[in-house]
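K.L.:
Structure file data01.txt (compact mmCIF, C-alpha atoms) right here:
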# COMPACT_ATOMS: atom_id res chain seq x y z
CA MET A 1 19.89 -6.66 25.99
CA GLN A 2 20.49 -6.41 22.27
CA PHE A 3 21.33 -9.22 19.91
CA GLN A 4 23.66 -8.48 17.01
CA PHE A 5 23.76 -11.20 14.43
CA ASP A 6 25.34 -9.12 11.63
CA PRO A 7 28.98 -9.52 12.77
CA VAL A 8 28.43 -13.27 12.92
CA PHE A 9 26.83 -13.44 9.48
CA ALA A 10 29.80 -11.47 8.14
CA GLU A 11 31.90 -14.58 8.83
CA MET A 12 29.60 -16.77 6.77
CA ASP A 13 32.39 -18.39 4.72
CA LEU A 14 34.00 -19.70 7.92
CA ILE A 15 30.68 -21.22 8.92
CA VAL A 16 30.18 -22.83 5.51
CA ASP A 17 33.69 -24.32 5.60
CA GLY A 18 32.92 -25.57 9.09
CA ILE A 19 29.72 -27.23 7.95
CA VAL A 20 31.52 -28.91 5.06
CA LEU A 21 34.25 -30.25 7.35
CA THR A 22 31.71 -31.48 9.92
CA VAL A 23 29.78 -33.32 7.22
CA LEU A 24 32.95 -34.81 5.67
CA LEU A 25 34.34 -35.94 9.03
CA SER A 26 31.03 -37.51 10.03
CA ALA A 27 30.56 -39.21 6.66
CA GLY A 28 34.12 -40.56 6.77
CA ALA A 29 33.66 -41.79 10.32
CA ILE A 30 30.35 -43.48 9.45
CA VAL A 31 31.67 -45.23 6.32
CA PHE A 32 35.08 -46.33 7.63
CA GLY A 33 33.78 -46.94 11.16
CA SER A 34 31.07 -49.25 9.83
CA ILE A 35 33.53 -51.17 7.66
CA LEU A 36 35.93 -51.58 10.57
CA ALA A 37 33.06 -52.61 12.85
CA THR A 38 31.87 -55.22 10.36
CA VAL A 39 35.37 -56.69 10.15
CA LEU A 40 35.68 -56.72 13.94
CA ALA A 41 32.26 -58.32 14.37
CA ALA A 42 33.20 -60.98 11.80
CA LEU A 43 36.53 -61.55 13.53
CA ARG A 44 34.78 -61.95 16.85
CA SER A 45 32.26 -64.46 15.65
CA LEU A 46 34.45 -66.44 13.20
CA GLY A 47 37.86 -66.17 14.85
CA GLY A 48 39.20 -68.14 17.78
CA ARG A 49 39.32 -67.24 21.47
CA GLY A 50 42.26 -64.90 20.93
CA ALA A 51 40.40 -62.88 18.31
CA ARG A 52 37.32 -62.72 20.53
CA LEU A 53 39.36 -61.47 23.49
CA PHE A 54 41.07 -58.85 21.32
CA VAL A 55 37.80 -57.51 19.93
CA ASP A 56 36.17 -57.46 23.38
CA CYS A 57 39.09 -55.52 24.88
CA TYR A 58 39.06 -53.07 21.96
CA VAL A 59 35.33 -52.47 22.33
CA GLU A 60 35.36 -52.12 26.13
CA LEU A 61 38.41 -49.83 26.18
CA LEU A 62 36.92 -47.43 23.65
CA ARG A 63 33.40 -47.53 25.05
CA ASN A 64 34.44 -46.80 28.60
CA THR A 65 36.72 -43.82 28.02
CA PRO A 66 35.67 -40.36 26.81
CA PHE A 67 36.00 -39.45 23.15
CA LEU A 68 37.93 -36.34 24.18
CA VAL A 69 40.64 -38.39 25.90
CA GLN A 70 40.89 -40.69 22.86
CA LEU A 71 41.30 -37.60 20.70
CA PHE A 72 44.07 -36.23 22.96
CA MET A 73 45.76 -39.62 22.98
CA ILE A 74 45.86 -39.67 19.16
CA PHE A 75 46.67 -36.02 18.62
CA PHE A 76 49.24 -35.49 21.40
CA GLY A 77 50.29 -39.07 22.08
CA LEU A 78 50.93 -40.56 18.63
CA PRO A 79 53.67 -38.02 17.71
CA MET A 80 55.64 -39.52 20.62
CA LEU A 81 55.60 -42.77 18.67
CA GLY A 82 56.75 -40.93 15.57
CA LEU A 83 53.35 -40.65 13.91
CA ARG A 84 52.44 -37.00 13.51
CA LEU A 85 48.90 -36.36 12.31
CA SER A 86 47.27 -33.06 11.44
CA GLY A 87 44.31 -32.02 13.56
CA THR A 88 41.82 -33.10 10.91
CA GLN A 89 43.53 -36.47 10.38
CA ALA A 90 43.63 -37.09 14.13
CA ALA A 91 39.96 -36.14 14.40
CA LEU A 92 38.96 -38.52 11.61
CA LEU A 93 41.02 -41.38 13.09
CA ALA A 94 39.55 -40.84 16.56
CA MET A 95 36.02 -40.72 15.18
CA VAL A 96 36.49 -43.87 13.10
CA LEU A 97 37.91 -45.81 16.06
CA ASN A 98 35.28 -44.53 18.49
CA LEU A 99 32.35 -45.24 16.19
CA SER A 100 33.72 -48.66 15.22
CA ALA A 101 33.71 -49.78 18.86
CA TYR A 102 30.07 -48.82 19.39
CA SER A 103 29.02 -50.25 16.04
CA THR A 104 30.84 -53.54 16.66
CA GLU A 105 28.83 -53.97 19.83
CA ILE A 106 25.58 -53.16 18.02
CA ILE A 107 26.30 -55.45 15.05
CA ARG A 108 27.39 -58.24 17.43
CA ALA A 109 23.97 -58.12 19.07
CA GLY A 110 22.36 -58.53 15.64
CA VAL A 111 24.73 -61.36 14.73
CA GLU A 112 24.01 -63.23 17.95
CA ALA A 113 20.28 -62.94 17.32
CA THR A 114 20.62 -65.17 14.23
CA HIS A 115 18.92 -68.49 14.75
CA LYS A 116 21.16 -71.58 14.65
CA SER A 117 18.92 -73.28 12.10
CA GLN A 118 19.63 -70.46 9.63
CA ILE A 119 23.36 -71.13 9.83
CA GLU A 120 22.81 -74.88 9.50
CA ALA A 121 20.62 -74.28 6.48
CA GLY A 122 23.35 -72.17 4.90
CA MET A 123 25.98 -74.82 5.67
CA SER A 124 23.82 -77.51 4.11
CA LEU A 125 23.82 -75.50 0.87
CA ALA A 126 27.60 -75.99 0.85
CA LEU A 127 28.33 -72.32 1.55
CA THR A 128 31.66 -71.66 3.22
CA ARG A 129 31.71 -70.23 6.74
CA LEU A 130 32.52 -66.80 5.34
CA GLN A 131 29.69 -67.01 2.82
CA VAL A 132 27.24 -68.05 5.52
CA PHE A 133 28.39 -65.13 7.63
CA ARG A 134 28.10 -62.67 4.76
CA TYR A 135 24.75 -63.72 3.31
CA VAL A 136 22.89 -65.50 6.09
CA VAL A 137 24.10 -63.80 9.24
CA LEU A 138 25.36 -60.32 8.45
CA GLN A 139 22.68 -58.98 6.14
CA PRO A 140 19.70 -59.77 8.41
CA ALA A 141 21.78 -58.63 11.38
CA PHE A 142 22.30 -55.22 9.79
CA ALA A 143 18.62 -54.96 8.99
CA LYS A 144 17.73 -55.78 12.58
CA VAL A 145 20.10 -53.30 14.20
CA TRP A 146 19.76 -50.52 11.64
CA PRO A 147 17.74 -48.25 13.98
CA ALA A 148 20.36 -48.62 16.73
CA LEU A 149 23.18 -48.01 14.27
CA SER A 150 21.38 -44.95 12.94
CA SER A 151 21.16 -43.31 16.34
CA GLN A 152 24.82 -44.11 16.94
CA PHE A 153 25.70 -42.37 13.66
CA VAL A 154 23.74 -39.29 14.73
CA LEU A 155 25.53 -39.29 18.11
CA MET A 156 28.85 -39.40 16.22
CA LEU A 157 27.85 -36.38 14.14
CA LEU A 158 27.11 -34.53 17.38
CA ALA A 159 30.32 -35.73 19.03
CA SER A 160 32.35 -34.40 16.09
CA SER A 161 31.95 -30.99 17.77
CA ILE A 162 34.46 -32.17 20.38
CA CYS A 163 37.17 -32.09 17.68
CA SER A 164 37.25 -28.32 18.15
CA PHE A 165 39.27 -29.06 21.33
CA ILE A 166 42.29 -29.77 19.13
CA SER A 167 41.55 -26.70 16.95
CA VAL A 168 39.98 -28.58 14.07
CA GLN A 169 37.90 -26.01 12.23
CA GLU A 170 34.71 -27.96 11.85
CA LEU A 171 31.47 -26.23 12.72
CA SER A 172 32.10 -25.70 16.45
CA GLY A 173 35.76 -24.88 15.80
CA ALA A 174 34.64 -22.23 13.31
CA ALA A 175 32.15 -20.96 15.90
CA ALA A 176 34.97 -20.61 18.45
CA ILE A 177 37.02 -18.52 16.01
CA ILE A 178 34.04 -16.31 15.16
CA GLU A 179 33.35 -15.83 18.85
CA GLN A 180 36.92 -14.66 19.45
CA ARG A 181 36.73 -12.24 16.52
CA THR A 182 33.30 -10.76 17.17
CA PHE A 183 32.75 -11.25 20.94
CA ARG A 184 29.13 -12.16 20.14
CA SER A 185 29.19 -15.43 22.08
CA PHE A 186 25.49 -16.11 22.41
CA GLU A 187 24.66 -15.16 18.83
CA THR A 188 27.51 -17.27 17.44
CA TYR A 189 26.59 -20.36 19.38
CA ILE A 190 22.87 -20.11 18.77
CA ILE A 191 23.55 -20.12 15.04
CA ALA A 192 25.96 -23.06 15.35
CA THR A 193 23.41 -24.90 17.49
CA LEU A 194 20.64 -24.38 14.94
CA ILE A 195 22.90 -25.64 12.15
CA TYR A 196 23.72 -28.77 14.18
CA LEU A 197 20.01 -29.27 14.77
CA VAL A 198 19.32 -29.13 11.03
CA LEU A 199 22.27 -31.44 10.24
CA ALA A 200 21.22 -34.00 12.86
CA LEU A 201 17.58 -34.04 11.76
CA ALA A 202 18.63 -34.30 8.11
CA LEU A 203 20.92 -37.23 8.93
CA LYS A 204 18.09 -38.95 10.85
CA VAL A 205 15.72 -38.60 7.88
CA PHE A 206 18.42 -39.75 5.45
CA LEU A 207 19.22 -42.86 7.53
CA LEU A 208 15.55 -43.71 7.81
CA TRP A 209 15.22 -43.46 4.03
CA LEU A 210 18.43 -45.46 3.50
CA GLY A 211 17.22 -48.18 5.85
CA ARG A 212 14.00 -48.55 3.86
CA ARG A 213 15.99 -48.69 0.62
CA LEU A 214 18.58 -51.18 1.86
CA PHE A 215 16.29 -53.52 3.78
CA PRO A 216 12.85 -53.29 2.16
CA GLN A 217 11.81 -56.88 2.84
CA VAL A 218 12.88 -56.81 6.48
CA SER A 219 11.18 -53.57 7.37
CA GLY A 220 7.95 -55.33 6.37
CA LEU A 221 8.88 -58.26 8.60
CA GLU A 222 9.63 -55.93 11.49
CA ARG A 223 6.23 -54.38 11.15
CA VAL A 224 4.70 -57.84 11.50
CA ASP A 225 6.86 -58.46 14.56
CA ALA A 226 5.87 -55.14 16.10
CA ARG A 227 2.22 -55.93 15.58
CA ALA A 228 2.62 -59.37 17.10
CA GLU A 229 4.32 -57.85 20.13
CA ALA A 230 1.61 -55.26 20.55
CA ALA A 231 -1.09 -57.92 20.51
CA MET B 1 60.16 -28.77 33.19
CA THR B 2 58.60 -31.14 35.69
CA THR B 3 58.05 -34.82 35.03
CA PHE B 4 54.95 -36.88 35.60
CA GLY B 5 55.32 -38.16 39.14
CA TRP B 6 53.39 -38.85 42.33
CA PRO B 7 52.13 -35.25 42.97
CA GLU B 8 50.85 -35.02 39.40
CA PHE B 9 49.16 -38.38 39.74
CA MET B 10 47.46 -37.29 42.98
CA PHE B 11 46.33 -34.11 41.20
CA LEU B 12 44.60 -36.30 38.60
CA VAL B 13 43.01 -38.46 41.32
CA ARG B 14 41.64 -35.38 43.07
CA ALA B 15 40.29 -34.14 39.73
CA THR B 16 38.53 -37.51 39.40
CA GLY B 17 36.69 -36.58 42.58
CA TRP B 18 35.44 -33.41 40.88
CA THR B 19 34.35 -35.45 37.87
CA LEU B 20 32.34 -37.72 40.17
CA LEU B 21 30.81 -34.80 42.06
CA LEU B 22 29.87 -33.09 38.80
CA THR B 23 28.34 -36.35 37.54
CA ALA B 24 26.30 -36.72 40.72
CA ILE B 25 24.95 -33.16 40.73
CA ALA B 26 24.16 -33.21 37.01
CA PHE B 27 22.43 -36.57 37.42
CA VAL B 28 20.25 -35.34 40.29
CA LEU B 29 19.33 -32.08 38.53
CA GLY B 30 18.77 -33.82 35.21
CA GLY B 31 16.88 -36.64 36.91
CA ILE B 32 14.37 -34.28 38.51
CA ALA B 33 13.78 -32.40 35.25
CA GLY B 34 13.85 -35.63 33.24
CA GLY B 35 11.25 -37.29 35.47
CA ALA B 36 8.95 -34.31 35.08
CA LEU B 37 9.48 -34.33 31.31
CA ALA B 38 8.78 -38.06 31.06
CA ILE B 39 5.44 -37.60 32.82
CA MET B 40 4.67 -34.52 30.69
CA ARG B 41 5.42 -36.60 27.62
CA LEU B 42 2.69 -39.06 28.73
CA SER B 43 0.26 -36.43 29.93
CA SER B 44 -3.30 -36.37 28.63
CA ARG B 45 -2.86 -32.70 27.73
CA ALA B 46 -1.59 -32.20 24.18
CA ALA B 47 0.20 -28.94 24.99
CA LEU B 48 2.33 -30.53 27.72
CA ARG B 49 3.11 -33.50 25.50
CA ARG B 50 4.18 -31.23 22.66
CA ILE B 51 6.45 -29.05 24.81
CA ALA B 52 8.23 -32.10 26.23
CA THR B 53 8.53 -33.74 22.80
CA VAL B 54 10.10 -30.69 21.19
CA TYR B 55 12.46 -30.10 24.13
CA ILE B 56 13.68 -33.70 24.05
CA LEU B 57 14.06 -33.74 20.25
CA VAL B 58 16.04 -30.48 20.20
CA ILE B 59 18.40 -31.33 23.07
CA GLN B 60 19.02 -34.82 21.65
CA SER B 61 19.78 -33.40 18.19
CA VAL B 62 22.36 -30.88 19.35
CA PRO B 63 25.92 -31.56 20.59
CA VAL B 64 26.40 -31.55 24.37
CA LEU B 65 29.10 -28.97 23.74
CA MET B 66 26.51 -26.60 22.25
CA VAL B 67 24.14 -27.24 25.15
CA LEU B 68 27.01 -26.24 27.44
CA PHE B 69 27.79 -23.05 25.53
CA MET B 70 24.16 -22.04 25.12
CA SER B 71 23.19 -22.50 28.74
CA TYR B 72 26.43 -20.94 29.97
CA TYR B 73 26.19 -17.81 27.84
CA GLY B 74 22.41 -17.80 28.16
CA LEU B 75 22.67 -17.75 31.95
CA ALA B 76 25.30 -15.01 31.74
CA LEU B 77 23.05 -12.92 29.49
CA ALA B 78 20.19 -13.39 31.94
CA GLY B 79 22.45 -11.84 34.56
CA PHE B 80 23.52 -14.93 36.52
CA GLU B 81 27.17 -15.01 37.53
CA LEU B 82 27.52 -18.66 38.44
CA PRO B 83 30.59 -20.42 39.86
CA PRO B 84 32.04 -22.93 37.34
CA LEU B 85 30.82 -26.04 39.21
CA LEU B 86 27.24 -24.80 39.25
CA ALA B 87 27.33 -23.57 35.64
CA ALA B 88 28.72 -26.92 34.50
CA SER B 89 26.18 -28.89 36.56
CA ILE B 90 23.20 -26.95 35.26
CA SER B 91 24.40 -27.21 31.65
CA LEU B 92 24.99 -30.95 31.94
CA GLY B 93 21.69 -31.28 33.81
CA ILE B 94 19.85 -29.90 30.78
CA TYR B 95 21.54 -32.51 28.58
CA VAL B 96 20.83 -35.30 31.09
CA SER B 97 17.15 -34.35 31.45
CA ALA B 98 16.39 -34.93 27.75
CA TYR B 99 17.99 -38.38 27.64
CA LEU B 100 16.60 -39.58 30.98
CA ALA B 101 13.14 -38.31 30.01
CA GLU B 102 13.22 -40.50 26.92
CA ILE B 103 14.58 -43.55 28.77
CA TRP B 104 12.03 -43.21 31.55
CA ARG B 105 9.13 -42.57 29.18
CA GLY B 106 10.00 -45.84 27.49
CA SER B 107 10.13 -47.60 30.86
CA ILE B 108 6.75 -46.25 31.91
CA GLU B 109 5.26 -47.30 28.58
CA ALA B 110 6.74 -50.77 29.01
CA VAL B 111 4.48 -51.37 32.02
CA PRO B 112 1.51 -53.38 30.65
CA PHE B 113 -1.50 -51.13 30.11
CA GLN B 114 -3.70 -53.53 32.07
CA GLN B 115 -1.92 -52.15 35.14
CA TRP B 116 -3.35 -48.72 34.32
CA GLU B 117 -6.83 -50.17 33.83
CA ALA B 118 -6.70 -52.24 37.00
CA SER B 119 -5.55 -49.32 39.12
CA ALA B 120 -8.11 -47.00 37.51
CA SER B 121 -10.86 -49.46 38.37
CA LEU B 122 -9.73 -49.20 42.01
CA ALA B 123 -10.57 -45.49 41.78
CA LEU B 124 -6.98 -44.37 42.19
CA THR B 125 -6.19 -40.88 40.96
CA ARG B 126 -3.58 -40.49 38.24
CA ALA B 127 -0.99 -39.43 40.83
CA GLN B 128 -1.83 -42.49 42.95
CA GLN B 129 -1.61 -44.75 39.91
CA TYR B 130 1.89 -43.49 39.23
CA ARG B 131 2.94 -43.60 42.86
CA TYR B 132 1.66 -47.05 43.87
CA VAL B 133 1.29 -49.05 40.66
CA ILE B 134 3.17 -47.78 37.63
CA LEU B 135 6.40 -46.24 38.92
CA PRO B 136 7.48 -49.14 41.15
CA GLN B 137 7.40 -51.37 38.07
CA ALA B 138 8.75 -48.75 35.66
CA ILE B 139 11.76 -48.04 37.89
CA ARG B 140 12.80 -51.69 37.76
CA ILE B 141 12.57 -51.67 33.97
CA SER B 142 14.48 -48.39 33.73
CA LEU B 143 17.48 -49.44 35.85
CA PRO B 144 19.72 -51.02 33.15
CA PRO B 145 19.41 -48.19 30.59
CA THR B 146 19.70 -45.55 33.32
CA VAL B 147 22.97 -47.02 34.59
CA GLY B 148 24.09 -47.30 30.96
CA PHE B 149 23.37 -43.63 30.46
CA LEU B 150 25.34 -42.81 33.60
CA VAL B 151 28.41 -44.08 31.74
CA GLN B 152 27.69 -41.62 28.92
CA LEU B 153 27.33 -38.84 31.46
CA VAL B 154 30.65 -39.60 33.19
CA LYS B 155 32.36 -39.50 29.79
CA ASN B 156 30.60 -36.31 28.72
CA THR B 157 31.71 -34.45 31.85
CA SER B 158 35.11 -34.43 30.10
CA ILE B 159 34.09 -31.43 27.98
CA VAL B 160 32.99 -29.02 30.72
CA SER B 161 36.38 -27.32 30.73
CA VAL B 162 34.79 -24.95 28.19
CA VAL B 163 32.87 -23.31 31.03
CA GLY B 164 36.00 -23.07 33.16
CA PHE B 165 35.66 -26.11 35.37
CA VAL B 166 38.71 -28.27 36.10
CA GLU B 167 37.77 -31.94 36.15
CA LEU B 168 39.76 -35.02 35.14
CA SER B 169 40.28 -34.26 31.43
CA ARG B 170 41.14 -30.62 32.03
CA ALA B 171 43.51 -31.65 34.81
CA GLY B 172 45.16 -34.04 32.35
CA GLN B 173 45.61 -31.20 29.89
CA LEU B 174 47.12 -28.97 32.59
CA VAL B 175 49.57 -31.66 33.68
CA ASN B 176 50.44 -32.33 30.04
CA ASN B 177 51.15 -28.65 29.42
CA ALA B 178 53.61 -28.69 32.33
CA THR B 179 55.32 -32.03 31.70
CA PHE B 180 54.65 -32.87 28.06
CA GLN B 181 54.37 -36.60 28.48
CA PRO B 182 51.03 -37.03 26.68
CA PHE B 183 51.12 -40.79 26.37
CA ALA B 184 51.63 -41.44 30.07
CA ILE B 185 49.27 -38.69 31.23
CA PHE B 186 46.34 -39.32 28.95
CA GLY B 187 46.88 -43.03 29.48
CA VAL B 188 46.41 -42.50 33.22
CA VAL B 189 43.43 -40.20 32.58
CA ALA B 190 41.84 -42.82 30.33
CA ALA B 191 42.52 -45.50 32.96
CA LEU B 192 40.83 -43.42 35.67
CA TYR B 193 37.75 -42.98 33.48
CA PHE B 194 37.80 -46.69 32.68
CA VAL B 195 37.89 -47.58 36.39
CA ILE B 196 34.66 -45.61 36.85
CA CYS B 197 32.87 -46.53 33.63
CA PHE B 198 33.68 -50.21 33.18
CA PRO B 199 32.04 -51.40 36.43
CA LEU B 200 28.99 -49.28 35.61
CA SER B 201 28.78 -50.83 32.12
CA ARG B 202 29.01 -54.30 33.63
CA LEU B 203 26.40 -53.43 36.24
CA SER B 204 24.06 -52.22 33.51
CA ARG B 205 24.50 -55.47 31.58
CA HIS B 206 24.07 -57.55 34.74
CA LEU B 207 20.84 -55.72 35.67
CA GLU B 208 19.52 -56.33 32.19
CA LYS B 209 20.15 -60.06 32.51
CA VAL B 210 18.55 -60.25 35.96
CA LEU B 211 15.54 -58.35 34.75
CA HIS B 212 15.20 -60.49 31.66
CA VAL B 213 15.17 -63.68 33.74
CA SER B 214 12.52 -62.41 36.12
CA ARG B 215 10.33 -61.24 33.27
CA GLY B 216 10.45 -64.69 31.70
CA HIS B 217 8.18 -66.18 34.38
As a first step, turn the structure in this file into structure tokens.

P.N.:
Amino acid sequence: MQFQFDPVFAEMDLIVDGIVLTVLLSAGAIVFGSILATVLAALRSLGGRGARLFVDCYVELLRNTPFLVQLFMIFFGLPMLGLRLSGTQAALLAMVLNLSAYSTEIIRAGVEATHKSQIEAGMSLALTRLQVFRYVVLQPAFAKVWPALSSQFVLMLLASSICSFISVQELSGAAAIIEQRTFRSFETYIIATLIYLVLALALKVFLLWLGRRLFPQVSGLERVDARAEAA
Amino acid sequence: MTTFGWPEFMFLVRATGWTLLLTAIAFVLGGIAGGALAIMRLSSRAALRRIATVYILVIQSVPVLMVLFMSYYGLALAGFELPPLLAASISLGIYVSAYLAEIWRGSIEAVPFQQWEASASLALTRAQQYRYVILPQAIRISLPPTVGFLVQLVKNTSIVSVVGFVELSRAGQLVNNATFQPFAIFGVVAALYFVICFPLSRLSRHLEKVLHVSRGH
């Protein structure tokens, strides 16, 4: 058995383009998915019963069906409604929607963990309901659930590989093309796998750093909590 | 051109059966390996701990799709010509083992350490401690996240078509290629997944609540 990596390395520009697209798709999904999730979490906790029902249905529908089927629905189904998206656009939309559902659920848990007295204190300072939500509820909630959100972001980066099913040329899509050209299946995929490994670990480290930057005071608090729990 | 009718629907329902079978086999295979890895991860030998840690970190930091490709082509290179169901089950089993190992390690660690001390003072061996004292408690703790992970597994079986296995998602694609009614077909496919996953999600949440109440005492 002989491994030949040279034919795969000859297609390096395809791989680089794939990496760039994977990173862009994941970054877009994380940014827009988080914004959408924040809006949905706010809607759920500030809106009426109708809004709550809508958000719950949205979250449960997206969380209990595979990402691949959501992708097919958007890529093959939306043109039937007159909305034709390119593969990359469909991939980004599917990733944003999918991630937003998971993140809404995570942020909701953080929001619900806010103590009632905190909200009352905010109200007594004459803050509006929206201001209370923004400054008193949401910020600590994000700090609390940041680790859970981080692992969800990493899972989204990994799930972006599924976009190759609709011929999006992100990293695994590029790998599929290289495999067809070179017939070096194992070599191609081991390289792609190693690149994903590096990307995922880099994202984990970055999110850890970002969490410390964004929530310095709370990470200290959490340490106190952790120590109290251990005792 | 055929349209999406009763025979096509029954084709999707039968494919759902394959999805469930694949889930079950992958869960059993992954569960056995994952259990072993969880105990390795907590072993007193540093080498065992390190192997399990690296394995779990790597598999969890790589897309399931890549795990599928790697194990499929890896097995082929090693000279195994496996039928699609077995190839898909083994590949998914590798993915499952890393996640279950981590869930179960957490559950074992959640058992208060006094339980270890008490059972050690009764002169139980390590195997006996696990068997009679630790695992019965750890299994209770692990139930909600394990059922929750089962939902992830059901959903991730959707990508095994890459190793040539026809389950629900692949069947949906095949029907769509013949009828080209993507909205109806993938809607039905999504609904079939939902019918499996939603009750499991609810069960996981329910178990968590029940467990929380009993731990409050």

K.L.:
Can I get the residues of chain B within 7 Å of chain A, each with the closest pair of atoms and their distance in Å to one decimal, using all atoms listed in the file, sorted chain first then ascending number, as a tab-separated table?

P.N.:
residue	atom	partner	partner_atom	distance
B:Val58	CA	A:Leu197	CA	6.8
B:Ser61	CA	A:Leu197	CA	5.4
B:Val62	CA	A:Leu197	CA	5.4
B:Pro63	CA	A:Leu158	CA	4.5
B:Leu65	CA	A:Ser161	CA	6.9
B:Met66	CA	A:Thr193	CA	5.9
B:Phe69	CA	A:Tyr189	CA	6.8
B:Met70	CA	A:Tyr189	CA	6.5
B:Tyr73	CA	A:Phe186	CA	5.7
B:Gly74	CA	A:Phe186	CA	6.7
B:Lys155	CA	A:Pro66	CA	4.5
B:Asn156	CA	A:Pro66	CA	6.8
B:Ser158	CA	A:Pro66	CA	6.8
B:Ser169	CA	A:Val69	CA	6.9
B:Pro182	CA	A:Gly77	CA	5.1
B:Phe183	CA	A:Gly77	CA	4.7
B:Phe186	CA	A:Met73	CA	6.0
B:Ala190	CA	A:Thr65	CA	5.7
B:Tyr193	CA	A:Thr65	CA	5.6
B:Phe194	CA	A:Asn64	CA	5.3
B:Cys197	CA	A:Asn64	CA	5.3
B:Phe198	CA	A:Asn64	CA	5.8

K.L.:
I'd like to know which of B:Phe4, B:Phe9, B:Tyr99, B:Phe80 is closest to Leu37 of chain B, using only C-alpha atoms.

P.N.:
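Ranked by minimum distance to Leu37 of chain B, first place goes to B:Tyr99.
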
K.L.:
What gap, in Å, lies between atom CA of Leu14 of chain A and atom CA of Ile191 of chain A?

P.N.:
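One can read the atom CA of Leu14 of chain A to atom CA of Ile191 of chain A distance as 12.7 Å.
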
K.L.:
Need the shell around segment 200-212 of chain B: protein/DNA/RNA residues with any atom at most 12 Å away, counting only C-alpha atoms. Skip same-chain ones fewer than 3 positions apart. Format as a tab-separated table (two decimals) with C-alpha atoms, in the coordinates of the input?

P.N.:
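Full text of result-v1.tsv as output:
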chain	number	residue	atom	x	y	z
A	59	VAL	CA	35.33	-52.47	22.33
A	60	GLU	CA	35.36	-52.12	26.13
A	61	LEU	CA	38.41	-49.83	26.18
A	63	ARG	CA	33.40	-47.53	25.05
A	64	ASN	CA	34.44	-46.80	28.60
A	65	THR	CA	36.72	-43.82	28.02
B	137	GLN	CA	7.40	-51.37	38.07
B	138	ALA	CA	8.75	-48.75	35.66
B	139	ILE	CA	11.76	-48.04	37.89
B	140	ARG	CA	12.80	-51.69	37.76
B	141	ILE	CA	12.57	-51.67	33.97
B	142	SER	CA	14.48	-48.39	33.73
B	143	LEU	CA	17.48	-49.44	35.85
B	144	PRO	CA	19.72	-51.02	33.15
B	145	PRO	CA	19.41	-48.19	30.59
B	146	THR	CA	19.70	-45.55	33.32
B	147	VAL	CA	22.97	-47.02	34.59
B	148	GLY	CA	24.09	-47.30	30.96
B	149	PHE	CA	23.37	-43.63	30.46
B	150	LEU	CA	25.34	-42.81	33.60
B	151	VAL	CA	28.41	-44.08	31.74
B	152	GLN	CA	27.69	-41.62	28.92
B	153	LEU	CA	27.33	-38.84	31.46
B	154	VAL	CA	30.65	-39.60	33.19
B	155	LYS	CA	32.36	-39.50	29.79
B	193	TYR	CA	37.75	-42.98	33.48
B	194	PHE	CA	37.80	-46.69	32.68
B	195	VAL	CA	37.89	-47.58	36.39
B	196	ILE	CA	34.66	-45.61	36.85
B	197	CYS	CA	32.87	-46.53	33.63
B	215	ARG	CA	10.33	-61.24	33.27
B	216	GLY	CA	10.45	-64.69	31.70
B	217	HIS	CA	8.18	-66.18	34.38

K.L.:
Return the single residue from B:Ser89, B:Ala98, B:Gly106, B:Ala191 that is closest to Ala36 of chain B, with distances computed using only C-alpha atoms.

P.N.:
B:Ala98

K.L.:
From the list A:Gly28, A:Gly211, A:Gly173, A:Gly50, which residue is nearest Leu99 of chain A when using all atoms listed in the file?

P.N.:
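Distance minimum relative to Leu99 of chain A lands on A:Gly28.
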
K.L.:
What is the distance, in Å and to one decimal place, between atom CA of Gly31 of chain B and atom CA of Val111 of chain B?

P.N.:
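Computing the Euclidean distance for atom CA of Gly31 of chain B and atom CA of Val111 of chain B yields 19.9 Å.
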
K.L.:
Residues within 10 Å of Pro140 of chain A, please, as a count of residues only. Count all atoms listed in the file; anything in the same chain fewer than 3 positions from it doesn't count.

P.N.:
14

K.L.:
List the spatial neighbours of Gln115 of chain B as a VMD selection string - criterion: any atom at most 9 Å away, all atoms listed in the file, same-chain residues fewer than 5 positions off excluded.

P.N.:
chain B and resid 120 129 133 to 134

K.L.:
Any idea what the distance is between atom CA of Leu12 of chain B and atom CA of Tyr58 of chain A?

P.N.:
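Value for the atom CA of Leu12 of chain B-atom CA of Tyr58 of chain A distance: 24.3 Å.
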
K.L.:
If we count all atoms listed in the file, what is near Asn177 of chain B at a cut-off of 12 Å, once residues fewer than 2 positions away on the same chain are taken out, given as a CSV table (one decimal) with C-alpha atoms, in the coordinates of the input?

P.N.:
chain,number,residue,atom,x,y,z
A,76,PHE,CA,49.2,-35.5,21.4
B,1,MET,CA,60.2,-28.8,33.2
B,2,THR,CA,58.6,-31.1,35.7
B,3,THR,CA,58.0,-34.8,35.0
B,4,PHE,CA,55.0,-36.9,35.6
B,8,GLU,CA,50.8,-35.0,39.4
B,170,ARG,CA,41.1,-30.6,32.0
B,171,ALA,CA,43.5,-31.6,34.8
B,172,GLY,CA,45.2,-34.0,32.4
B,173,GLN,CA,45.6,-31.2,29.9
B,174,LEU,CA,47.1,-29.0,32.6
B,175,VAL,CA,49.6,-31.7,33.7
B,179,THR,CA,55.3,-32.0,31.7
B,180,PHE,CA,54.6,-32.9,28.1
B,181,GLN,CA,54.4,-36.6,28.5
B,182,PRO,CA,51.0,-37.0,26.7
B,185,ILE,CA,49.3,-38.7,31.2
B,186,PHE,CA,46.3,-39.3,29.0
